[in-house]
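Colleague: For reference, the file target-v4.csv (CSV, C-alpha atoms) is included below:
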chain,number,residue,atom,x,y,z
A,1,MET,CA,136.4,116.6,1.8
A,2,LYS,CA,134.3,115.9,4.8
A,3,GLU,CA,135.9,118.9,6.5
A,4,PHE,CA,135.0,121.1,3.5
A,5,TYR,CA,131.3,120.1,3.8
A,6,LYS,CA,131.4,120.7,7.6
A,7,ASN,CA,132.8,124.2,7.0
A,8,ILE,CA,130.0,124.9,4.4
A,9,GLY,CA,127.5,123.6,7.0
A,10,ASP,CA,128.8,126.1,9.6
A,11,ALA,CA,128.5,128.9,7.0
A,12,LEU,CA,124.9,127.8,6.2
A,13,ALA,CA,124.1,127.7,10.0
A,14,MET,CA,125.4,131.3,10.2
A,15,LEU,CA,123.2,132.4,7.3
A,16,ASP,CA,120.2,130.5,8.8
A,17,GLY,CA,120.5,132.7,12.0
A,18,LEU,CA,120.6,135.8,9.9
A,19,GLU,CA,117.6,134.7,7.9
A,20,GLN,CA,115.7,134.0,11.1
A,21,ASP,CA,116.5,137.5,12.5
A,22,LEU,CA,115.5,139.1,9.2
A,23,ASN,CA,112.2,137.2,9.4
A,24,ILE,CA,112.3,136.0,5.8
A,25,ARG,CA,112.4,132.2,6.5
A,26,HIS,CA,108.7,131.7,6.2
A,27,PHE,CA,108.6,132.8,2.5
A,28,THR,CA,107.2,130.2,0.2
A,29,PRO,CA,109.0,129.6,-3.2
A,30,ASN,CA,106.4,131.7,-5.0
A,31,GLU,CA,106.8,134.6,-2.5
A,32,LEU,CA,110.6,134.4,-2.8
A,33,LYS,CA,110.3,134.5,-6.6
A,34,VAL,CA,108.1,137.6,-6.5
A,35,PHE,CA,110.3,139.2,-3.8
A,36,TYR,CA,113.5,138.7,-5.8
A,37,THR,CA,111.8,140.1,-8.9
A,38,ILE,CA,110.7,143.2,-6.9
A,39,ILE,CA,114.2,143.7,-5.6
A,40,ILE,CA,115.8,143.3,-9.1
A,41,ARG,CA,113.2,145.7,-10.6
A,42,ALA,CA,113.8,148.2,-7.7
A,43,ALA,CA,117.4,148.5,-8.8
A,44,TYR,CA,116.2,149.9,-12.1
A,45,ASN,CA,113.2,152.0,-10.9
A,46,GLU,CA,113.3,153.7,-7.6
A,47,HIS,CA,109.7,154.9,-7.9
A,48,GLY,CA,108.5,151.3,-7.9
A,49,SER,CA,107.7,148.6,-10.4
A,50,ASN,CA,104.3,148.1,-11.9
A,51,ILE,CA,102.6,144.7,-11.5
A,52,THR,CA,102.6,143.9,-15.2
A,53,ASP,CA,106.4,144.1,-15.2
A,54,ILE,CA,106.6,141.8,-12.1
A,55,VAL,CA,104.2,139.3,-13.8
A,56,GLU,CA,106.4,139.3,-17.0
A,57,ASN,CA,109.7,139.1,-15.1
A,58,SER,CA,108.7,136.5,-12.5
A,59,GLY,CA,107.2,134.1,-15.1
A,60,MET,CA,104.2,133.5,-12.8
A,61,SER,CA,100.5,133.9,-13.5
A,62,ARG,CA,98.9,137.3,-12.8
A,63,SER,CA,96.6,135.8,-10.1
A,64,THR,CA,99.5,134.1,-8.3
A,65,VAL,CA,101.5,137.4,-8.4
A,66,TYR,CA,98.4,139.4,-7.1
A,67,LYS,CA,97.9,136.9,-4.2
A,68,THR,CA,101.6,137.0,-3.3
A,69,LEU,CA,101.7,140.8,-3.4
A,70,LYS,CA,98.7,141.0,-1.2
A,71,LYS,CA,100.4,138.8,1.4
A,72,LEU,CA,103.7,140.7,1.2
A,73,SER,CA,101.8,143.9,1.6
A,74,THR,CA,99.9,142.6,4.6
A,75,GLU,CA,103.2,141.7,6.2
A,76,GLY,CA,104.5,145.2,5.6
A,77,ILE,CA,107.3,144.1,3.3
A,78,ILE,CA,106.0,146.1,0.3
A,79,GLN,CA,103.5,148.9,-0.3
A,80,LEU,CA,101.1,149.3,-3.2
A,81,HIS,CA,100.6,152.7,-4.7
A,82,GLN,CA,98.4,153.8,-7.6
A,83,SER,CA,100.5,154.8,-10.6
A,84,GLU,CA,100.2,158.6,-11.5
A,85,GLU,CA,100.9,157.9,-15.2
A,86,ASP,CA,98.3,155.1,-15.6
A,87,GLY,CA,95.5,155.0,-13.1
A,88,ARG,CA,94.8,151.3,-13.9
A,89,GLU,CA,98.3,150.2,-12.7
A,90,SER,CA,99.5,149.8,-9.2
A,91,LEU,CA,103.2,150.4,-8.3
A,92,VAL,CA,105.0,148.1,-5.9
A,93,VAL,CA,107.4,149.8,-3.6
A,94,LEU,CA,109.7,148.0,-1.1
A,95,ASN,CA,109.3,149.2,2.5
A,96,SER,CA,112.6,150.6,3.8
B,97,MET,CA,145.7,118.0,-0.8
B,98,LYS,CA,142.2,117.4,-2.3
B,99,ASN,CA,140.6,119.5,0.4
B,100,PHE,CA,143.2,122.3,-0.2
B,101,LEU,CA,142.4,122.3,-3.9
B,102,THR,CA,138.7,122.3,-3.3
B,103,LEU,CA,138.7,125.2,-0.9
B,104,SER,CA,141.3,127.2,-3.0
B,105,VAL,CA,139.1,126.9,-6.1
B,106,THR,CA,136.0,127.8,-4.0
B,107,SER,CA,137.7,130.8,-2.5
B,108,PHE,CA,139.1,131.9,-5.9
B,109,VAL,CA,135.7,131.6,-7.7
B,110,PHE,CA,133.8,133.2,-4.9
B,111,SER,CA,136.2,136.2,-4.7
B,112,THR,CA,136.3,136.6,-8.5
B,113,VAL,CA,132.5,136.4,-8.9
B,114,LEU,CA,132.0,139.0,-6.2
B,115,TRP,CA,134.5,141.3,-7.8
B,116,VAL,CA,132.9,141.0,-11.2
B,117,LEU,CA,129.4,141.7,-9.7
B,118,TRP,CA,130.8,144.7,-7.7
B,119,HIS,CA,132.6,146.0,-10.8
B,120,PHE,CA,129.5,145.6,-12.9
B,121,VAL,CA,127.3,147.5,-10.4
B,122,ASP,CA,130.0,150.2,-9.9
B,123,THR,CA,130.3,150.8,-13.7
B,124,HIS,CA,126.9,149.9,-15.2
B,125,VAL,CA,124.1,150.4,-12.7
B,126,LEU,CA,123.1,154.0,-13.2
B,127,PHE,CA,122.3,155.3,-9.7
B,128,LEU,CA,125.2,153.3,-8.1
B,129,ALA,CA,127.8,154.0,-10.7
B,130,GLY,CA,131.0,155.4,-9.1
B,131,LYS,CA,129.7,154.7,-5.6
B,132,GLY,CA,131.2,151.2,-5.4
B,133,GLY,CA,133.6,152.2,-2.7
B,134,PHE,CA,130.7,152.3,-0.3
B,135,PHE,CA,129.7,148.7,-0.8
B,136,TYR,CA,132.8,146.7,-1.6
B,137,LEU,CA,131.3,143.2,-2.0
B,138,PRO,CA,134.6,141.1,-2.4
B,139,HIS,CA,135.4,141.8,1.3
B,140,ALA,CA,132.7,139.2,2.1
B,141,ALA,CA,134.8,136.6,0.2
B,142,ARG,CA,137.8,137.4,2.3
B,143,VAL,CA,135.9,137.1,5.6
B,144,LEU,CA,133.8,134.0,4.8
B,145,CYS,CA,136.6,132.0,3.2
B,146,VAL,CA,139.2,132.8,5.9
B,147,VAL,CA,136.7,132.2,8.8
B,148,TYR,CA,135.3,128.9,7.4
B,149,PHE,CA,138.2,127.5,5.4
B,150,GLY,CA,141.1,128.9,7.5
B,151,TYR,CA,144.4,130.2,6.3
B,152,LYS,CA,144.5,127.7,3.5
B,153,ALA,CA,142.0,129.9,1.6
B,154,ILE,CA,144.6,132.7,1.4
B,155,PRO,CA,146.3,131.7,-1.9
B,156,GLY,CA,143.0,131.3,-3.7
B,157,LEU,CA,141.7,134.6,-2.3
B,158,TYR,CA,144.9,136.4,-3.3
B,159,LEU,CA,144.7,135.1,-6.8
B,160,GLY,CA,141.0,136.1,-6.9
B,161,GLU,CA,142.0,139.7,-5.8
B,162,LEU,CA,144.4,140.0,-8.7
B,163,VAL,CA,142.5,138.3,-11.5
B,164,GLY,CA,139.7,140.9,-11.6
B,165,PRO,CA,141.8,144.1,-12.0
B,166,TYR,CA,144.6,142.4,-14.0
B,167,ALA,CA,142.8,139.8,-16.3
B,168,LEU,CA,139.2,141.0,-16.5
B,169,ASP,CA,139.6,144.7,-16.7
B,170,PRO,CA,143.3,145.5,-17.1
B,171,GLY,CA,144.6,149.0,-16.8
B,172,ILE,CA,141.9,150.3,-14.3
B,173,TYR,CA,144.6,150.9,-11.7
B,174,SER,CA,147.8,152.8,-12.4
B,175,PHE,CA,149.9,151.0,-9.8
B,176,SER,CA,150.9,147.5,-8.8
B,177,LEU,CA,148.2,145.7,-6.7
B,178,PHE,CA,150.4,142.9,-5.5
B,179,ILE,CA,151.1,144.4,-2.0
B,180,PRO,CA,147.7,146.2,-1.4
B,181,SER,CA,145.8,143.0,-2.4
B,182,LEU,CA,148.0,141.0,0.0
B,183,ILE,CA,147.3,143.4,2.8
B,184,SER,CA,143.6,143.3,2.0
B,185,VAL,CA,143.5,139.5,2.1
B,186,MET,CA,145.6,139.4,5.3
B,187,SER,CA,143.3,141.9,7.1
B,188,VAL,CA,141.0,139.0,8.1
B,189,PRO,CA,143.8,136.9,9.6
B,190,PHE,CA,145.0,140.1,11.4
B,191,ALA,CA,141.6,140.6,12.9
B,192,LEU,CA,141.4,136.9,14.0
B,193,THR,CA,144.9,137.1,15.5
B,194,MET,CA,143.9,140.3,17.4
B,195,LEU,CA,140.7,138.7,18.7
B,196,ASN,CA,142.6,135.5,19.6
B,197,SER,CA,145.1,137.5,21.6
B,198,LEU,CA,142.2,139.0,23.5
B,199,GLY,CA,141.0,135.5,24.4
B,200,LEU,CA,138.3,135.4,21.8
B,201,THR,CA,139.2,132.3,19.9
B,202,LEU,CA,137.2,131.1,16.9
B,203,GLY,CA,135.2,127.9,17.3
B,204,HIS,CA,131.9,126.4,16.1
B,205,THR,CA,130.1,125.7,19.3
B,206,ARG,CA,127.9,127.8,21.5
B,207,SER,CA,130.6,127.8,24.2
B,208,SER,CA,133.2,129.2,21.8
B,209,PRO,CA,134.0,132.9,22.6
B,210,LEU,CA,133.7,133.5,18.8
B,211,ASN,CA,131.2,131.1,17.2
B,212,ARG,CA,131.4,130.9,13.5
B,213,ARG,CA,127.8,129.7,13.3
B,214,ASN,CA,126.7,133.1,14.8
B,215,TYR,CA,126.4,135.9,12.2
B,216,LYS,CA,126.9,138.6,14.8
B,217,HIS,CA,130.3,137.2,15.6
B,218,ILE,CA,131.1,137.1,11.9
B,219,LEU,CA,130.1,140.7,11.7
B,220,LEU,CA,132.5,141.6,14.5
B,221,ILE,CA,135.3,140.0,12.5
B,222,THR,CA,134.1,141.9,9.4
B,223,PHE,CA,134.1,145.2,11.4
B,224,ILE,CA,137.7,144.7,12.7
B,225,SER,CA,139.1,143.4,9.5
B,226,ALA,CA,137.5,146.3,7.6
B,227,GLY,CA,139.4,148.6,10.0
B,228,PHE,CA,142.7,146.8,9.4
B,229,ASN,CA,142.2,146.9,5.6
B,230,ALA,CA,141.3,150.6,5.6
B,231,LEU,CA,144.2,151.6,7.8
B,232,LEU,CA,146.9,149.4,6.4
B,233,VAL,CA,146.2,149.7,2.7
B,234,ASN,CA,145.9,153.5,2.9
B,235,LEU,CA,149.0,153.7,5.0
B,236,TYR,CA,150.9,151.7,2.3
B,237,MET,CA,149.4,153.9,-0.5
B,238,SER,CA,150.2,157.1,1.3
B,239,ARG,CA,153.8,156.1,2.1
B,240,ASN,CA,154.3,155.2,-1.6
B,241,ASN,CA,152.4,158.2,-3.0
B,242,LEU,CA,149.9,156.0,-4.8
B,243,SER,CA,146.2,156.8,-5.4
B,244,PHE,CA,143.2,155.3,-7.1
B,245,PRO,CA,141.8,157.0,-10.3
B,246,ASN,CA,139.9,160.2,-9.4
B,247,ALA,CA,140.5,159.8,-5.7
B,248,MET,CA,143.0,161.0,-3.2
B,249,THR,CA,144.6,158.8,-0.5
B,250,ASP,CA,143.4,160.7,2.5
B,251,ILE,CA,141.3,160.2,5.7
B,252,GLU,CA,138.1,160.2,3.6
B,253,GLN,CA,139.4,157.2,1.7
B,254,VAL,CA,140.2,155.4,4.9
B,255,TYR,CA,136.6,156.0,6.0
B,256,ARG,CA,135.3,154.9,2.5
B,257,PHE,CA,137.3,151.7,2.7
B,258,PHE,CA,136.0,150.9,6.2
B,259,VAL,CA,132.4,151.6,5.4
B,260,GLY,CA,132.6,150.0,2.0
B,261,ASP,CA,134.1,146.7,3.3
B,262,PHE,CA,131.6,146.5,6.1
B,263,LEU,CA,128.5,147.4,4.1
B,264,GLY,CA,129.6,145.3,1.1
B,265,THR,CA,129.9,142.2,3.4
B,266,VAL,CA,126.5,142.9,5.0
B,267,VAL,CA,124.9,143.1,1.5
B,268,VAL,CA,126.5,139.8,0.5
B,269,PHE,CA,125.4,138.1,3.7
B,270,ILE,CA,121.8,139.2,3.2
B,271,LEU,CA,121.8,138.3,-0.5
B,272,LEU,CA,123.2,134.8,0.4
B,273,ALA,CA,120.6,134.4,3.2
B,274,MET,CA,117.8,135.2,0.8
B,275,LEU,CA,119.2,133.2,-2.2
B,276,LEU,CA,119.8,130.1,0.0
B,277,ILE,CA,116.4,130.0,1.7
B,278,PRO,CA,115.4,126.9,-0.3
B,279,VAL,CA,118.7,125.2,0.6
B,280,LEU,CA,118.5,126.2,4.3
B,281,ARG,CA,114.9,125.0,4.4
B,282,GLN,CA,115.9,121.6,3.0
B,283,ALA,CA,118.8,121.4,5.4
B,284,ARG,CA,116.5,122.1,8.4
B,285,ASN,CA,114.0,119.4,7.3
Take the structure I supplied and represent it as structure tokens, if you would.
Modeller:
Amino acid sequence: MKEFYKNIGDALAMLDGLEQDLNIRHFTPNELKVFYTIIIRAAYNEHGSNITDIVENSGMSRSTVYKTLKKLSTEGIIQLHQSEEDGRESLVVLNS
Amino acid sequence: MKNFLTLSVTSFVFSTVLWVLWHFVDTHVLFLAGKGGFFYLPHAARVLCVVYFGYKAIPGLYLGELVGPYALDPGIYSFSLFIPSLISVMSVPFALTMLNSLGLTLGHTRSSPLNRRNYKHILLITFISAGFNALLVNLYMSRNNLSFPNAMTDIEQVYRFFVGDFLGTVVVFILLAMLLIPVLRQARN
């Protein structure tokens, strides 16, 4: 059993290296939650997700989501575009 | 024996979960439907389980390879999968044996020629095993006049297998790295 956990530890160390090179290890839990939500939403809408959808799907408050999106945008992970259909909404697009 | 059972169950569950996820994306996600050949997620289970658990993981992986197509969605393939699945599972041991014969033995320290704690080395194993899988499975299929639904067993399929296995594994690695951030953070502290 000890060996099993040692093997899992090695696998986690491998993923840790990948995480470091992808530069995603500094994400806070809130940022991760928003980031996962954006990725899941991106699978359904390639033009971007609107912030209201992200707020609803992440289960976080609007102000926390806004703050997190601003940080992700500053880091160049996402881009915010004005929606063409609804001028009051912003669309969140993942940077490729 | 307990260790063997634990890693067999882990390998089986991991392989089956990835197959179900892949099959769902390939059949239900609109813009990815039918393109599953280009991101075959279950290859990640073969690589990770054989690299980290050793050859003892093979029975669990083999069972996982068969359960998806036979038990969860029977009838999707018109031919027996027993030999192609075995070849696919064995592609990782083949890759490790080839690297071993070149002096690149698998270890877990910085001085090991192939360090299983280094994701770049794991990607090399993935690359070579994807090549073995693509060549050997398609060779078997072509020799026995077998083909997947709506596809021909030709050089394009060899390419699709190779790219699909490699990309699928990369996608799983990135997803795992992202999903396990809280766990990794706790392990570091």
Colleague: Between B:Phe134, B:Phe127, B:Phe120, B:Phe110, which residue has the minimum interatomic distance to B:Gly264, considering only C-alpha atoms?
Modeller: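 Once distances to B:Gly264 are computed over only C-alpha atoms, the minimum belongs to B:Phe134.
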Colleague: Env of B:Ile270: 9 Å cut, atoms = all atoms listed in the file, seq-sep filter 2 positions within chain, self excluded. Answer as a VMD selection string.
Modeller: (chain A and resid 15 18 to 19 22) or (chain B and resid 265 to 268 272 to 275)
Colleague: Could you take the residues named above and write them with C-alpha atoms, as a CSV table (one decimal), in the coordinates of the input?
Modeller:
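Listing of selection11.csv after writing:
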chain,number,residue,atom,x,y,z
A,15,LEU,CA,123.2,132.4,7.3
A,18,LEU,CA,120.6,135.8,9.9
A,19,GLU,CA,117.6,134.7,7.9
A,22,LEU,CA,115.5,139.1,9.2
B,265,THR,CA,129.9,142.2,3.4
B,266,VAL,CA,126.5,142.9,5.0
B,267,VAL,CA,124.9,143.1,1.5
B,268,VAL,CA,126.5,139.8,0.5
B,272,LEU,CA,123.2,134.8,0.4
B,273,ALA,CA,120.6,134.4,3.2
B,274,MET,CA,117.8,135.2,0.8
B,275,LEU,CA,119.2,133.2,-2.2
Colleague: Could you list the residues in chain B lying within 7 Å of chain A, using only C-alpha atoms, and format the result as a PDB file with C-alpha atoms, in the coordinates of the input?
Modeller:
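So result-v3.pdb came out as:
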ATOM      1  CA  ASN B  99     140.600 119.500   0.400  1.00  0.00           C
ATOM      2  CA  TYR B 148     135.300 128.900   7.400  1.00  0.00           C
ATOM      3  CA  PHE B 149     138.200 127.500   5.400  1.00  0.00           C
ATOM      4  CA  ARG B 212     131.400 130.900  13.500  1.00  0.00           C
ATOM      5  CA  ARG B 213     127.800 129.700  13.300  1.00  0.00           C
ATOM      6  CA  ASN B 214     126.700 133.100  14.800  1.00  0.00           C
ATOM      7  CA  TYR B 215     126.400 135.900  12.200  1.00  0.00           C
ATOM      8  CA  ALA B 273     120.600 134.400   3.200  1.00  0.00           C
ATOM      9  CA  ILE B 277     116.400 130.000   1.700  1.00  0.00           C
ATOM     10  CA  LEU B 280     118.500 126.200   4.300  1.00  0.00           C
TER      11      LEU B 280
END
Colleague: Please indicate the distance in Å from atom CA of A:Ser49 to atom CA of B:Arg281, rounded to one decimal place.
Modeller: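 That distance, rounded to one decimal, is 28.8 Å.
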Colleague: So how many Å separate atom CA of A:Ser63 and atom CA of A:Asn50, to one decimal?
Modeller: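 Calculated distance between atom CA of A:Ser63 and atom CA of A:Asn50 is 14.6 Å.
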Colleague: Do you know which residues are at most 9 Å from B:Ile251 counting only C-alpha atoms, after dropping those on the same chain fewer than 4 positions away, and could you put them as a PDB file with C-alpha atoms, keeping the file's coordinate frame?
Modeller:
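Contents of the output file selection28.pdb:
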ATOM      1  CA  ASN B 234     145.900 153.500   2.900  1.00  0.00           C
ATOM      2  CA  TYR B 255     136.600 156.000   6.000  1.00  0.00           C
ATOM      3  CA  ARG B 256     135.300 154.900   2.500  1.00  0.00           C
TER       4      ARG B 256
END
Colleague: Please list as a PyMOL selection string every residue within 10 Å of B:Phe190, counting all atoms listed in the file and excluding residues in the same chain fewer than 2 positions away.
Modeller: chain B and resi 183+185-188+192-196+221+224-225+228-229
Colleague: Excluding B:Asp261 and residues on its chain fewer than 2 positions from it, collect all residues at most 7 Å away from it, counting only C-alpha atoms, and give them as a ChimeraX atom specification.
Modeller: /B:135-137,139,226,257-259,263-265
Colleague: Rounded to one decimal place, report the atom CA of A:Thr68-atom CA of B:Leu271 distance in Å.
Modeller: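 That distance, rounded to one decimal, is 20.4 Å.
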Colleague: List the spatial neighbours of stretch 83-91 of chain A as an MDAnalysis selection string - criterion: any atom at most 12 Å away, all atoms listed in the file, same-chain residues fewer than 6 positions off excluded.
Modeller: chainID A and resid 38 41:42 45:54 66 69:70 73
Colleague: From the set A:Thr37, A:Asn95, A:Ser58, A:Thr64, which residue has the shortest atom-to-atom contact distance to A:Gly76, counting only C-alpha atoms?
Modeller: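 The answer is A:Asn95, which sits nearest to A:Gly76.
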